[in-house]
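Student: Data: data35.txt, compact mmCIF, C-alpha atoms and all ligand atoms.
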```txt
# COMPACT_ATOMS: atom_id res chain seq x y z
CA MET A 1 14.56 6.70 151.02
CA ALA A 2 11.14 8.12 150.20
CA GLN A 3 8.04 6.19 151.31
CA ILE A 4 6.87 4.00 148.43
CA GLN A 5 3.12 3.42 148.34
CA LYS A 6 0.90 1.41 146.06
CA ALA A 7 0.77 3.48 142.85
CA ASN A 8 -2.51 4.39 141.19
CA GLY A 9 -1.15 4.36 137.64
CA VAL A 10 2.07 4.37 135.62
CA ILE A 11 2.68 8.13 136.10
CA ASP A 12 2.29 7.82 139.87
CA TRP A 13 4.60 4.77 139.91
CA LEU A 14 7.26 6.72 137.98
CA ASP A 15 6.71 9.86 140.08
CA GLN A 16 7.46 7.98 143.30
CA ARG A 17 10.72 6.71 141.82
CA ILE A 18 12.05 9.45 139.53
CA ALA A 19 9.94 12.55 140.43
CA ILE A 20 8.52 12.70 136.93
CA ARG A 21 5.87 15.32 137.87
CA THR A 22 8.47 17.75 139.22
CA LEU A 23 10.64 17.18 136.16
CA THR A 24 7.72 17.87 133.80
CA LYS A 25 6.96 21.09 135.70
CA VAL A 26 10.56 22.34 135.61
CA LEU A 27 11.15 21.47 131.96
CA MET A 28 7.69 21.83 130.43
CA THR A 29 4.55 23.07 132.13
CA GLU A 30 6.24 25.68 134.39
CA TYR A 31 9.07 26.68 132.08
CA TRP A 32 7.85 30.13 131.04
CA ILE A 33 8.26 31.62 127.57
CA PRO A 34 7.40 35.23 126.66
CA LYS A 35 4.21 35.72 124.67
CA ASN A 36 5.51 38.45 122.40
CA ILE A 37 7.68 36.38 120.10
CA ASN A 38 7.01 35.58 116.44
CA PHE A 39 7.50 32.56 114.15
CA LEU A 40 11.24 33.25 113.96
CA TRP A 41 11.51 31.86 117.49
CA ALA A 42 10.36 28.48 116.15
CA MET A 43 13.65 27.99 114.28
CA GLY A 44 15.24 26.27 117.29
CA ILE A 45 12.60 23.53 117.24
CA VAL A 46 12.79 23.34 113.43
CA LEU A 47 16.50 22.61 113.93
CA VAL A 48 15.68 19.82 116.37
CA VAL A 49 13.25 18.35 113.80
CA LEU A 50 15.91 18.61 111.08
CA PHE A 51 18.56 16.97 113.23
CA THR A 52 16.15 14.08 113.94
CA ILE A 53 15.48 13.66 110.19
CA LEU A 54 19.23 13.67 109.53
CA VAL A 55 19.81 10.94 112.14
CA VAL A 56 16.95 8.74 110.89
CA SER A 57 17.81 9.09 107.18
CA GLY A 58 21.50 8.61 108.05
CA LEU A 59 20.70 5.31 109.80
CA PHE A 60 18.95 4.02 106.68
CA LEU A 61 21.89 5.06 104.46
CA LEU A 62 24.29 3.38 106.89
CA MET A 63 22.68 0.00 106.15
CA TYR A 64 24.21 -0.04 102.64
CA TYR A 65 27.10 2.43 102.76
CA LYS A 66 30.64 0.93 102.64
CA PRO A 67 33.45 3.00 104.24
CA ASP A 68 36.19 1.78 101.91
CA THR A 69 37.80 3.85 99.14
CA LYS A 70 37.27 0.98 96.65
CA LEU A 71 33.58 0.52 97.51
CA ALA A 72 32.25 3.83 98.87
CA PHE A 73 31.43 5.54 95.56
CA ASP A 74 29.53 2.54 94.14
CA SER A 75 27.75 1.82 97.42
CA VAL A 76 26.26 5.35 97.26
CA ASN A 77 25.77 5.90 93.52
CA TYR A 78 24.71 2.39 92.46
CA THR A 79 23.57 0.39 95.48
CA ILE A 80 21.71 3.14 97.36
CA MET A 81 20.65 5.27 94.39
CA GLN A 82 19.63 2.49 91.98
CA GLU A 83 19.36 -0.91 93.57
CA VAL A 84 17.81 -0.35 97.01
CA LYS A 85 14.09 0.48 96.93
CA TYR A 86 13.62 4.15 97.91
CA GLY A 87 17.37 4.41 98.59
CA TRP A 88 17.35 7.58 96.42
CA LEU A 89 14.67 9.07 98.68
CA TRP A 90 16.73 8.62 101.85
CA ARG A 91 19.81 10.02 100.12
CA HIS A 92 17.99 13.07 98.75
CA LEU A 93 16.28 13.65 102.11
CA HIS A 94 19.64 13.46 103.91
CA ALA A 95 21.42 15.80 101.47
CA VAL A 96 18.57 18.34 101.28
CA SER A 97 18.10 18.35 105.08
CA ALA A 98 21.82 18.99 105.60
CA SER A 99 21.75 21.94 103.24
CA VAL A 100 18.49 23.40 104.60
CA CYS A 101 19.78 22.87 108.16
CA PHE A 102 22.47 25.49 107.51
CA LEU A 103 19.91 27.92 106.09
CA ILE A 104 17.88 27.57 109.30
CA ILE A 105 21.01 27.81 111.50
CA TYR A 106 21.93 31.10 109.79
CA ILE A 107 18.36 32.43 110.22
CA HIS A 108 18.38 31.34 113.91
CA MET A 109 21.77 33.03 114.45
CA PHE A 110 20.82 36.26 112.71
CA VAL A 111 17.49 36.46 114.56
CA GLY A 112 19.61 36.24 117.76
CA ILE A 113 21.86 39.04 116.51
CA TYR A 114 18.94 41.23 115.36
CA TYR A 115 17.19 41.04 118.74
CA GLY A 116 20.38 41.12 120.86
CA SER A 117 19.63 37.67 122.35
CA TYR A 118 23.32 37.01 123.04
CA LYS A 119 23.91 39.48 125.87
CA ARG A 120 22.90 40.49 129.41
CA GLY A 121 22.91 36.97 130.87
CA ARG A 122 22.37 35.10 127.60
CA GLU A 123 26.08 34.71 126.74
CA MET A 124 26.12 30.98 127.50
CA ILE A 125 23.17 30.39 125.15
CA TRP A 126 25.16 32.09 122.42
CA ILE A 127 28.41 30.22 123.18
CA THR A 128 26.71 26.80 123.18
CA GLY A 129 24.91 27.83 119.97
CA MET A 130 28.25 28.64 118.34
CA LEU A 131 29.60 25.30 119.56
CA LEU A 132 26.67 23.68 117.75
CA PHE A 133 27.55 25.66 114.64
CA ILE A 134 31.14 24.37 114.75
CA LEU A 135 29.94 20.79 115.38
CA PHE A 136 27.39 20.95 112.54
CA SER A 137 30.07 22.36 110.22
CA SER A 138 32.40 19.45 111.09
CA GLU A 139 29.50 17.02 110.64
CA ALA A 140 28.73 18.43 107.18
CA PHE A 141 32.39 18.44 106.15
CA SER A 142 32.97 14.82 107.25
CA GLY A 143 29.72 13.69 105.57
CA TYR A 144 30.68 15.36 102.30
CA MET A 145 33.71 13.06 102.12
CA LEU A 146 31.78 9.81 102.38
CA PRO A 147 30.48 9.40 98.75
CA TRP A 148 34.18 9.52 97.72
CA GLY A 149 33.50 11.61 94.60
CA GLN A 150 35.88 14.17 93.10
CA MET A 151 34.65 17.02 95.33
CA SER A 152 34.72 14.78 98.42
CA TYR A 153 38.36 13.99 97.75
CA TRP A 154 39.58 17.44 96.79
CA ALA A 155 37.66 19.33 99.47
CA ALA A 156 39.21 16.97 102.03
CA ALA A 157 42.66 17.51 100.50
CA VAL A 158 42.32 21.34 100.52
CA ILE A 159 40.85 21.65 104.03
CA THR A 160 43.19 19.16 105.75
CA ASN A 161 46.10 20.88 103.99
CA LEU A 162 45.20 24.17 105.75
CA PHE A 163 46.38 22.72 109.07
CA GLY A 164 49.87 22.53 107.55
CA ALA A 165 50.21 26.30 107.98
CA ILE A 166 50.15 26.05 111.79
CA PRO A 167 53.71 26.89 112.94
CA VAL A 168 56.00 24.03 114.09
CA ILE A 169 53.44 21.20 114.35
CA GLY A 170 51.53 21.93 111.09
CA PRO A 171 53.07 19.39 108.66
CA ASP A 172 52.94 16.54 111.23
CA LEU A 173 49.40 17.50 112.17
CA VAL A 174 48.23 17.13 108.54
CA ILE A 175 49.67 13.59 108.38
CA TRP A 176 48.07 12.77 111.74
CA ILE A 177 44.64 14.02 110.62
CA ARG A 178 44.84 12.17 107.29
CA GLY A 179 46.36 9.01 108.78
CA ASN A 180 48.63 9.03 105.74
CA PHE A 181 50.72 11.42 103.65
CA ILE A 182 47.80 11.95 101.28
CA VAL A 183 44.00 11.73 101.69
CA SER A 184 43.44 7.97 101.55
CA ASP A 185 41.51 5.01 102.95
CA ALA A 186 42.64 5.79 106.51
CA THR A 187 41.27 9.33 106.08
CA LEU A 188 37.91 8.05 104.83
CA THR A 189 37.45 5.60 107.71
CA ARG A 190 38.28 8.15 110.42
CA PHE A 191 35.96 10.76 108.91
CA PHE A 192 33.31 8.04 108.70
CA MET A 193 33.75 7.40 112.44
CA LEU A 194 33.48 11.14 113.16
CA HIS A 195 30.37 11.51 110.96
CA VAL A 196 28.35 8.57 112.28
CA VAL A 197 29.43 8.35 115.93
CA LEU A 198 31.52 10.99 117.64
CA LEU A 199 30.05 14.18 116.16
CA PRO A 200 26.34 13.18 116.36
CA VAL A 201 26.81 12.14 120.00
CA ALA A 202 28.59 15.44 120.75
CA ILE A 203 25.80 17.38 118.95
CA MET A 204 23.12 15.67 121.06
CA ALA A 205 25.01 16.51 124.25
CA VAL A 206 25.48 20.16 123.25
CA ILE A 207 21.79 20.51 122.23
CA VAL A 208 20.88 19.44 125.79
CA ILE A 209 23.34 22.01 127.21
CA HIS A 210 22.00 24.69 124.80
CA PHE A 211 18.48 24.05 126.19
CA TYR A 212 19.77 24.12 129.75
CA THR A 213 21.47 27.49 129.21
CA LEU A 214 18.09 28.91 128.14
CA ARG A 215 16.38 27.87 131.37
CA ILE A 216 17.69 30.58 133.72
CA PRO A 217 18.00 33.74 131.57
CA HIS A 218 14.82 32.67 129.68
CA VAL A 219 14.09 33.28 126.00
CA ASN A 220 14.38 36.91 124.83
CA ASN A 221 11.39 38.64 123.21
CA MET A 222 10.57 40.94 120.30
CA TYR A 223 11.01 44.17 122.32
CA GLY A 224 14.01 43.13 124.44
CA GLU A 225 11.70 43.74 127.43
CA GLU A 226 12.94 42.62 130.88
CA ILE A 227 10.11 40.41 132.08
CA ASP A 228 9.58 39.45 135.75
CA PHE A 229 8.96 35.77 134.93
CA GLU A 230 7.90 34.78 138.46
CA LYS A 231 5.30 37.54 138.72
CA GLU A 232 3.93 36.86 135.23
CA ALA A 233 3.86 33.09 135.88
CA GLU A 234 1.79 33.68 139.05
CA LYS A 235 -0.73 35.67 136.99
CA PHE A 236 -0.92 32.82 134.46
CA LYS A 237 -1.38 30.18 137.15
CA ALA A 238 -4.06 32.29 138.85
CA GLY A 239 -6.06 32.17 135.59
CA ASN A 240 -5.19 35.68 134.28
CA LYS A 241 -3.84 34.18 131.08
CA LYS A 242 -4.72 37.23 128.98
CA GLU A 243 -2.87 39.70 131.24
CA SER A 244 0.15 37.49 131.80
CA LYS A 245 3.14 38.17 129.55
CA VAL A 246 4.18 34.50 129.53
CA ILE A 247 3.01 31.09 128.37
CA PRO A 248 4.27 27.63 129.39
CA PHE A 249 6.76 25.82 127.14
CA TRP A 250 4.37 22.85 127.03
CA PRO A 251 1.70 22.73 125.66
CA MET A 252 1.39 26.33 124.40
CA PHE A 253 4.80 27.32 123.05
CA LEU A 254 5.61 23.89 121.59
CA SER A 255 2.24 23.55 119.86
CA LYS A 256 2.87 26.88 118.11
CA ASP A 257 6.34 25.65 117.18
CA PHE A 258 4.97 22.40 115.76
CA PHE A 259 2.52 24.45 113.70
CA VAL A 260 5.45 26.32 112.11
CA ALA A 261 7.46 23.06 111.84
CA SER A 262 4.63 21.39 109.88
CA PHE A 263 4.75 24.13 107.20
CA PHE A 264 8.49 23.77 107.16
CA LEU A 265 8.23 19.99 106.65
CA ALA A 266 5.95 20.48 103.63
CA PHE A 267 8.61 22.80 102.15
CA LEU A 268 11.40 20.31 102.97
CA PHE A 269 9.65 17.37 101.29
CA TYR A 270 8.81 19.54 98.28
CA LEU A 271 12.55 20.31 97.91
CA THR A 272 13.49 16.66 98.50
CA CYS A 273 11.14 15.38 95.79
CA TYR A 274 11.37 18.12 93.16
CA HIS A 275 14.49 20.27 93.71
CA TYR A 276 17.04 18.00 95.39
CA SER A 277 19.82 18.74 92.87
CA PHE A 278 20.86 21.99 94.61
CA ALA A 279 22.14 19.84 97.49
CA LEU A 280 24.25 17.48 95.32
CA ASP A 281 27.25 18.80 93.42
CA PRO A 282 27.43 17.40 89.82
CA ILE A 283 31.24 17.07 90.05
CA ASN A 284 30.78 14.68 92.96
CA PHE A 285 29.15 12.17 90.59
CA ASP A 286 32.68 11.49 89.22
CA PRO A 287 34.64 9.02 91.37
CA ALA A 288 37.58 10.42 93.39
CA ASP A 289 40.82 10.56 91.42
CA HIS A 290 43.94 11.78 93.20
CA LEU A 291 45.71 12.36 89.86
CA LYS A 292 43.02 14.65 88.40
CA THR A 293 42.40 17.98 90.16
CA PRO A 294 38.99 19.51 89.24
CA PRO A 295 39.48 22.87 87.46
CA HIS A 296 37.66 24.72 90.22
CA ILE A 297 37.33 23.50 93.83
CA TYR A 298 34.70 25.09 96.08
CA PRO A 299 32.76 23.96 99.16
CA GLU A 300 28.98 23.70 99.68
CA TRP A 301 27.10 27.03 99.66
CA TYR A 302 27.05 27.36 103.46
CA PHE A 303 30.86 27.47 103.72
CA LEU A 304 31.38 29.81 100.75
CA TRP A 305 31.49 33.02 102.82
CA SER A 306 34.38 31.83 104.99
CA TYR A 307 36.09 30.18 101.99
CA GLU A 308 36.01 33.55 100.23
CA VAL A 309 37.66 35.19 103.26
CA LEU A 310 40.43 32.57 102.89
CA ARG A 311 40.88 33.35 99.17
CA GLY A 312 40.22 37.09 99.54
CA PHE A 313 43.83 37.80 100.55
CA PHE A 314 45.02 36.49 97.17
CA PHE A 315 48.44 38.18 97.50
CA SER A 316 49.36 36.35 100.73
CA ALA A 317 48.35 32.80 101.64
CA ASP A 318 49.41 33.39 105.28
CA LEU A 319 47.19 36.47 105.66
CA GLY A 320 44.30 34.55 104.05
CA LEU A 321 44.71 31.75 106.54
CA ILE A 322 44.81 34.09 109.54
CA ALA A 323 41.68 35.89 108.25
CA PHE A 324 39.96 32.52 107.70
CA GLY A 325 40.84 31.45 111.27
CA ILE A 326 39.42 34.73 112.66
CA ALA A 327 36.25 34.49 110.50
CA ASN A 328 35.51 31.04 111.89
CA VAL A 329 35.67 32.01 115.55
CA ILE A 330 34.70 35.69 115.49
CA PHE A 331 30.98 35.14 116.13
CA LEU A 332 31.84 33.32 119.34
CA PHE A 333 33.01 36.67 120.75
CA LEU A 334 29.98 38.66 119.63
CA PRO A 335 28.66 39.21 123.21
CA TRP A 336 31.89 41.08 123.98
CA LEU A 337 32.37 42.82 120.63
CA ASP A 338 28.95 44.41 121.17
CA ARG A 339 29.88 46.88 123.94
CA SER A 340 26.37 48.18 124.54
CA ASN A 341 24.16 47.05 127.39
CA VAL A 342 21.01 47.80 125.39
CA VAL A 343 18.90 44.73 124.56
CA ALA A 344 16.45 45.81 121.86
CA PRO A 345 15.58 44.84 118.29
CA ALA A 346 17.90 46.34 115.67
CA HIS A 347 15.16 48.66 114.33
CA LYS A 348 15.25 50.44 117.72
CA ARG A 349 19.06 50.85 117.50
CA PRO A 350 19.71 53.00 114.38
CA ALA A 351 23.51 52.56 114.03
CA PHE A 352 23.30 48.86 114.87
CA MET A 353 20.53 48.41 112.31
CA VAL A 354 22.79 49.80 109.53
CA TRP A 355 25.66 47.62 110.77
CA PHE A 356 23.42 44.52 110.82
CA TRP A 357 22.24 44.86 107.21
CA LEU A 358 25.75 45.75 106.00
CA LEU A 359 27.00 42.52 107.61
CA VAL A 360 24.21 40.46 105.98
CA ALA A 361 24.88 42.07 102.56
CA ASP A 362 28.62 41.53 102.91
CA MET A 363 28.16 37.84 103.79
CA ILE A 364 25.87 37.38 100.77
CA ILE A 365 28.53 38.98 98.54
CA LEU A 366 31.20 36.70 100.04
CA THR A 367 28.94 33.69 99.39
CA ILE A 368 28.32 34.64 95.74
CA TRP A 369 31.97 35.44 95.00
CA GLY A 370 33.12 32.30 96.89
CA LYS A 371 31.79 30.22 94.01
CA LEU A 372 33.34 32.30 91.20
CA PRO A 373 36.89 31.71 89.96
CA PRO A 374 39.20 34.08 91.93
CA THR A 375 40.63 35.80 88.87
CA GLY A 376 40.67 39.41 87.57
CA ALA A 377 38.11 41.73 89.17
CA ASN A 378 36.68 38.82 91.21
CA ALA A 379 39.87 38.66 93.27
CA TYR A 380 39.61 42.37 94.21
CA ILE A 381 35.90 42.19 95.00
CA GLY A 382 36.65 39.17 97.22
CA PHE A 383 39.42 41.10 98.95
CA VAL A 384 37.24 44.17 99.66
CA ALA A 385 34.37 41.99 100.93
CA SER A 386 36.76 40.00 103.18
CA ILE A 387 38.38 43.12 104.67
CA SER A 388 34.90 44.66 105.17
CA PHE A 389 33.70 41.53 106.99
CA LEU A 390 36.60 41.64 109.47
CA ALA A 391 36.33 45.42 109.90
CA LEU A 392 32.57 45.30 110.52
CA LEU A 393 33.00 42.83 113.37
CA LEU A 394 36.35 43.81 114.86
CA ILE A 395 36.28 47.61 114.50
CA VAL A 396 32.87 49.04 113.55
CA LEU A 397 30.73 47.02 115.98
CA PRO A 398 32.75 47.83 119.16
CA ILE A 399 32.86 51.55 118.22
CA ILE A 400 29.16 52.06 117.42
CA THR A 401 27.98 50.01 120.39
CA LYS A 402 30.34 51.85 122.78
CA ILE A 403 28.84 55.16 121.59
CA GLU A 404 25.32 53.72 121.90
CA ASP A 405 26.03 52.59 125.46
CA LYS A 406 27.38 56.05 126.39
CA ILE A 407 24.26 57.76 125.00
CA ALA A 408 21.96 55.27 126.81
CA LYS A 409 23.67 56.01 130.17
CA GLU A 410 23.38 59.80 129.80
C1 LIG A 501 22.03 23.73 115.43
C2 LIG A 501 21.39 23.39 116.44
C3 LIG A 501 20.59 24.31 117.32
C4 LIG A 501 19.45 23.95 117.95
C5 LIG A 501 18.78 22.60 117.90
C6 LIG A 501 18.99 25.11 118.69
C7 LIG A 501 17.84 25.14 119.46
C8 LIG A 501 17.35 26.26 120.11
C9 LIG A 501 16.03 26.39 120.71
C10 LIG A 501 14.98 25.31 120.74
C11 LIG A 501 15.92 27.63 121.21
C12 LIG A 501 14.70 28.27 121.94
C13 LIG A 501 13.69 28.84 121.01
C14 LIG A 501 14.21 29.70 119.89
O1 LIG A 501 14.65 30.84 120.10
O2 LIG A 501 14.23 29.17 118.76
C15 LIG A 501 17.16 28.30 120.95
C16 LIG A 501 17.47 29.60 121.34
C17 LIG A 501 18.64 30.27 121.05
N1 LIG A 501 19.68 29.80 120.29
FE1 LIG A 501 19.79 27.97 119.41
N2 LIG A 501 19.87 26.14 118.50
C18 LIG A 501 20.86 25.71 117.66
C19 LIG A 501 21.93 26.45 117.18
C20 LIG A 501 22.23 27.75 117.55
C21 LIG A 501 23.27 28.56 116.99
C22 LIG A 501 24.24 28.14 115.87
C23 LIG A 501 23.23 29.76 117.63
C24 LIG A 501 24.12 30.96 117.39
C25 LIG A 501 25.24 31.09 117.91
C26 LIG A 501 22.15 29.71 118.60
C27 LIG A 501 21.80 30.73 119.45
C28 LIG A 501 20.63 30.79 120.18
C29 LIG A 501 20.18 31.94 120.95
C30 LIG A 501 20.93 33.27 121.13
C31 LIG A 501 18.95 31.60 121.49
C32 LIG A 501 18.07 32.47 122.41
C33 LIG A 501 17.03 33.16 121.59
C34 LIG A 501 16.26 34.12 122.47
O3 LIG A 501 16.50 34.17 123.67
O4 LIG A 501 15.47 34.84 121.91
N3 LIG A 501 21.55 28.49 118.52
N4 LIG A 501 18.01 27.45 120.27
```
Show me the file's structure as structure tokens.
Ligand code: HEM

Tutor:
Amino acid sequence: MAQIQKANGVIDWLDQRIAIRTLTKVLMTEYWIPKNINFLWAMGIVLVVLFTILVVSGLFLLMYYKPDTKLAFDSVNYTIMQEVKYGWLWRHLHAVSASVCFLIIYIHMFVGIYYGSYKRGREMIWITGMLLFILFSSEAFSGYMLPWGQMSYWAAAVITNLFGAIPVIGPDLVIWIRGNFIVSDATLTRFFMLHVVLLPVAIMAVIVIHFYTLRIPHVNNMYGEEIDFEKEAEKFKAGNKKESKVIPFWPMFLSKDFFVASFFLAFLFYLTCYHYSFALDPINFDPADHLKTPPHIYPEWYFLWSYEVLRGFFFSADLGLIAFGIANVIFLFLPWLDRSNVVAPAHKRPAFMVWFWLLVADMIILTIWGKLPPTGANAYIGFVASISFLALLLIVLPIITKIEDKIAKE
């Protein structure tokens, strides 16, 4: 055991026992971040801030929420919204933060795609990021069920029903997930458990792993430049801060991030106080009724693009389901679908740049059409957009990046 001496302060006392100075160096003051990155690289920390707000506001809501099909709707719409002081504020903050969280996740993901931050050693960052996306999606879906309104009920019925299409085990799996033959009290209580315990704990664990995966390959930069981090760190430590291409995570990088996060928070509270209704579906203010199907069932805006891929194959439910399955996991394989070794921003990769904006445009079209009734011309537009989405990722990307790689090697 190490020699323990009389400590000259709390930090020294802790350092002798848990090496707090070494830990701070490794994680903060000597964890080097490139200088040439812009505000878009602050989205990761904005997501941490948002997740914290979701946990805190969720804890306050939990004090009055009742996970029982007979009580849930009233506990949210009367007790929290009308009887508890500032209950409405916590609910609006929670709903708006959940919605905005997906906007920031999509920006964070597409910044990664634009700058090629998912390849050449950064594959694990991307994979853990996609795991976070799947976990956040499950968290949002399970949370949407809790107010036990019409959309809560019917979204749960539609999505759990999809598992029935899995060969052999499908029908039994649906009953197992629901805990009953139909969406019922048992379904509500298990989704409640997932939403308040299992998924948040899993998200926290994966955020830690996501950070850890960043530590060795380091954060990418605006030019895709390969930086010799050790050499640049030496320059910084020797006092040549201007010449060095890196800055420490703490205090420099994080203080810039907090600067961006403070603007973001002003925007978030503005939305929460004045424009919260975009995050709450009007149909969900009607209590769940298993005998009355709403005329048009659709998910929250952030799931519309994949929902449209499901509906796009309107002539075959099986094809739609396969396409939906692929759409949900396809981004996980991006580091291997992109066959080029070039790490550079999209505007330095002409074919990739066109591909990138086509993908963004296509996903916006899918999102818009995902909310429209799938009839007449809408059905065909949805079909073309769905096919284009799959083709862009599965066929076009490997081809153009293979050609790009060949040209780069010549
Ligand atoms: C939802 C919770 C998430 C949190 C809290 C989070 C947090 C972070 C943080 C703090 C960084 C470092 C700074 C930055 O680039 O912003 C980062 C980087 C990164 N994240 Fe995430 N992230 C999340 C989700 C995702 C998702 C869904 C993806 C996409 C699959 C992703 C992919 C990446 C990539 C590729 C980087 C490296 C960026 C670079 O090297 O330039 N993350 N993340």

Student: What is the distance, in Å and to one decimal place, between CA of Phe258 (chain A) and CA of Met28 (chain A)?

Tutor: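 Taking CA of Phe258 (chain A) as the start and CA of Met28 (chain A) as the end point, the length is 14.9 Å.
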
Student: Under the rule that only C-alpha atoms and all ligand atoms are counted, which of A:Ser142, A:Gln16, A:Asn221, A:Thr160 is the nearest residue to ligand LIG 501 (chain A)?

Tutor: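 Of A:Ser142, A:Gln16, A:Asn221, A:Thr160, the one nearest ligand LIG 501 (chain A) is A:Asn221, counting only C-alpha atoms and all ligand atoms.
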
Student: What is the distance between CA of Met193 (chain A) and CA of Ser138 (chain A), in Å to one decimal?

Tutor: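 Distance between the two atoms: 12.2 Å.
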
Student: Name the residues, by chain letter and number, that sit within 6 Å of ligand LIG 501 (chain A) using all atoms listed in the file, and give them as a CSV table (one decimal) with C-alpha atoms, keeping the file's coordinate frame.

Tutor:
```csv
chain,number,residue,atom,x,y,z
A,41,TRP,CA,11.5,31.9,117.5
A,42,ALA,CA,10.4,28.5,116.2
A,43,MET,CA,13.6,28.0,114.3
A,44,GLY,CA,15.2,26.3,117.3
A,45,ILE,CA,12.6,23.5,117.2
A,47,LEU,CA,16.5,22.6,113.9
A,48,VAL,CA,15.7,19.8,116.4
A,105,ILE,CA,21.0,27.8,111.5
A,109,MET,CA,21.8,33.0,114.4
A,112,GLY,CA,19.6,36.2,117.8
A,117,SER,CA,19.6,37.7,122.4
A,118,TYR,CA,23.3,37.0,123.0
A,125,ILE,CA,23.2,30.4,125.2
A,126,TRP,CA,25.2,32.1,122.4
A,129,GLY,CA,24.9,27.8,120.0
A,130,MET,CA,28.2,28.6,118.3
A,132,LEU,CA,26.7,23.7,117.8
A,133,PHE,CA,27.6,25.7,114.6
A,207,ILE,CA,21.8,20.5,122.2
A,219,VAL,CA,14.1,33.3,126.0
A,220,ASN,CA,14.4,36.9,124.8
A,221,ASN,CA,11.4,38.6,123.2
```

Student: Taking into account all atoms listed in the file, which residue in the set A:Tyr307, A:Trp250, A:Trp13, A:Tyr274 is nearest to Leu372 (chain A)?

Tutor: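 Answer, going by the shortest atom-to-atom distance: A:Tyr307.
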
Student: For Ala288 (chain A), list every protein, DNA or RNA residue within 12 Å, evaluated using all atoms listed in the file, and leave out those in the same chain fewer than 2 positions away; present the list as a count of residues only.

Tutor: 32

Student: Can you tell me how far CA of Phe191 (chain A) sits from CA of Gly143 (chain A), in Å to one decimal?

Tutor: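 Those two atoms sit 7.7 Å apart.
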
Student: For Phe278 (chain A), which residue out of A:Ile37, A:Ala408, A:Leu390, A:Val100 is the nearest one, using only C-alpha atoms?

Tutor: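 Result for the nearest residue to Phe278 (chain A): A:Val100.
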
Student: Let me make sure I understand: among A:Met222, A:Ala7, A:Ile80, A:Ala279, which one has the smallest atom-to-atom distance to His347 (chain A) if we use all atoms listed in the file?

Tutor: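 Of the candidates, the smallest distance to His347 (chain A) is held by A:Met222.
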
Student: Using only C-alpha atoms, pick whichever of A:Arg17, A:His296, A:His94, A:Arg120 has the shortest atom-to-atom distance to Arg339 (chain A).

Tutor: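 Ranking A:Arg17, A:His296, A:His94, A:Arg120 by distance to Arg339 (chain A), first place goes to A:Arg120.
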
Student: For each of A:Ile326, A:Leu62, A:Ile365, A:Leu310, take the minimum atom-to-atom distance to His195 (chain A), counting all atoms listed in the file, then give the residue where this is smallest.

Tutor: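 The shortest atom-to-atom distance to His195 (chain A) comes from A:Leu62.
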
Student: Could you pull out every residue with an atom within 12 Å of (49.5, 12.0, 107.4), file coordinates, counting only C-alpha atoms, and send them as a ChimeraX atom specification?

Tutor: /A:157,160-161,163-164,170-187

Student: Quick one: everything within 7 Å of Val309 (chain A), counting all atoms listed in the file, minus sequence neighbours fewer than 6 positions away in the same chain. Send it as a PyMOL selection string.

Tutor: chain A and resi 320+323-324+386

Student: Just the residues within 10 Å of region 8-11 of chain A, please, counting only C-alpha atoms, with nothing from its chain fewer than 6 positions along; format it as a PyMOL selection string.

Tutor: chain A and resi 17+19-21

Student: Place N, CA and C atoms on region 286-295 of chain A and deliver the coordinates as a PDB file, keeping the file's coordinate frame.

Tutor:
```pdb
ATOM      1  N   ASP A 286      31.477  12.137  89.790  1.00  0.00           N
ATOM      2  CA  ASP A 286      32.680  11.490  89.220  1.00  0.00           C
ATOM      3  C   ASP A 286      33.453  10.894  90.383  1.00  0.00           C
ATOM      4  N   PRO A 287      33.914   9.639  90.247  1.00  0.00           N
ATOM      5  CA  PRO A 287      34.640   9.020  91.370  1.00  0.00           C
ATOM      6  C   PRO A 287      35.944   9.765  91.691  1.00  0.00           C
ATOM      7  N   ALA A 288      36.362   9.726  92.960  1.00  0.00           N
ATOM      8  CA  ALA A 288      37.580  10.420  93.390  1.00  0.00           C
ATOM      9  C   ALA A 288      38.778   9.935  92.585  1.00  0.00           C
ATOM     10  N   ASP A 289      39.605  10.914  92.161  1.00  0.00           N
ATOM     11  CA  ASP A 289      40.820  10.560  91.420  1.00  0.00           C
ATOM     12  C   ASP A 289      41.931  11.481  91.909  1.00  0.00           C
ATOM     13  N   HIS A 290      42.918  10.904  92.606  1.00  0.00           N
ATOM     14  CA  HIS A 290      43.940  11.780  93.200  1.00  0.00           C
ATOM     15  C   HIS A 290      44.935  12.305  92.162  1.00  0.00           C
ATOM     16  N   LEU A 291      44.802  11.855  90.911  1.00  0.00           N
ATOM     17  CA  LEU A 291      45.710  12.360  89.860  1.00  0.00           C
ATOM     18  C   LEU A 291      45.043  13.448  89.017  1.00  0.00           C
ATOM     19  N   LYS A 292      43.744  13.682  89.250  1.00  0.00           N
ATOM     20  CA  LYS A 292      43.020  14.650  88.400  1.00  0.00           C
ATOM     21  C   LYS A 292      42.358  15.725  89.258  1.00  0.00           C
ATOM     22  N   THR A 293      42.995  16.903  89.346  1.00  0.00           N
ATOM     23  CA  THR A 293      42.400  17.980  90.160  1.00  0.00           C
ATOM     24  C   THR A 293      41.264  18.631  89.369  1.00  0.00           C
ATOM     25  N   PRO A 294      40.065  18.806  89.964  1.00  0.00           N
ATOM     26  CA  PRO A 294      38.990  19.510  89.240  1.00  0.00           C
ATOM     27  C   PRO A 294      39.445  20.947  88.936  1.00  0.00           C
ATOM     28  N   PRO A 295      38.992  21.524  87.808  1.00  0.00           N
ATOM     29  CA  PRO A 295      39.480  22.870  87.460  1.00  0.00           C
ATOM     30  C   PRO A 295      39.150  23.909  88.531  1.00  0.00           C
TER      31      PRO A 295
END
```
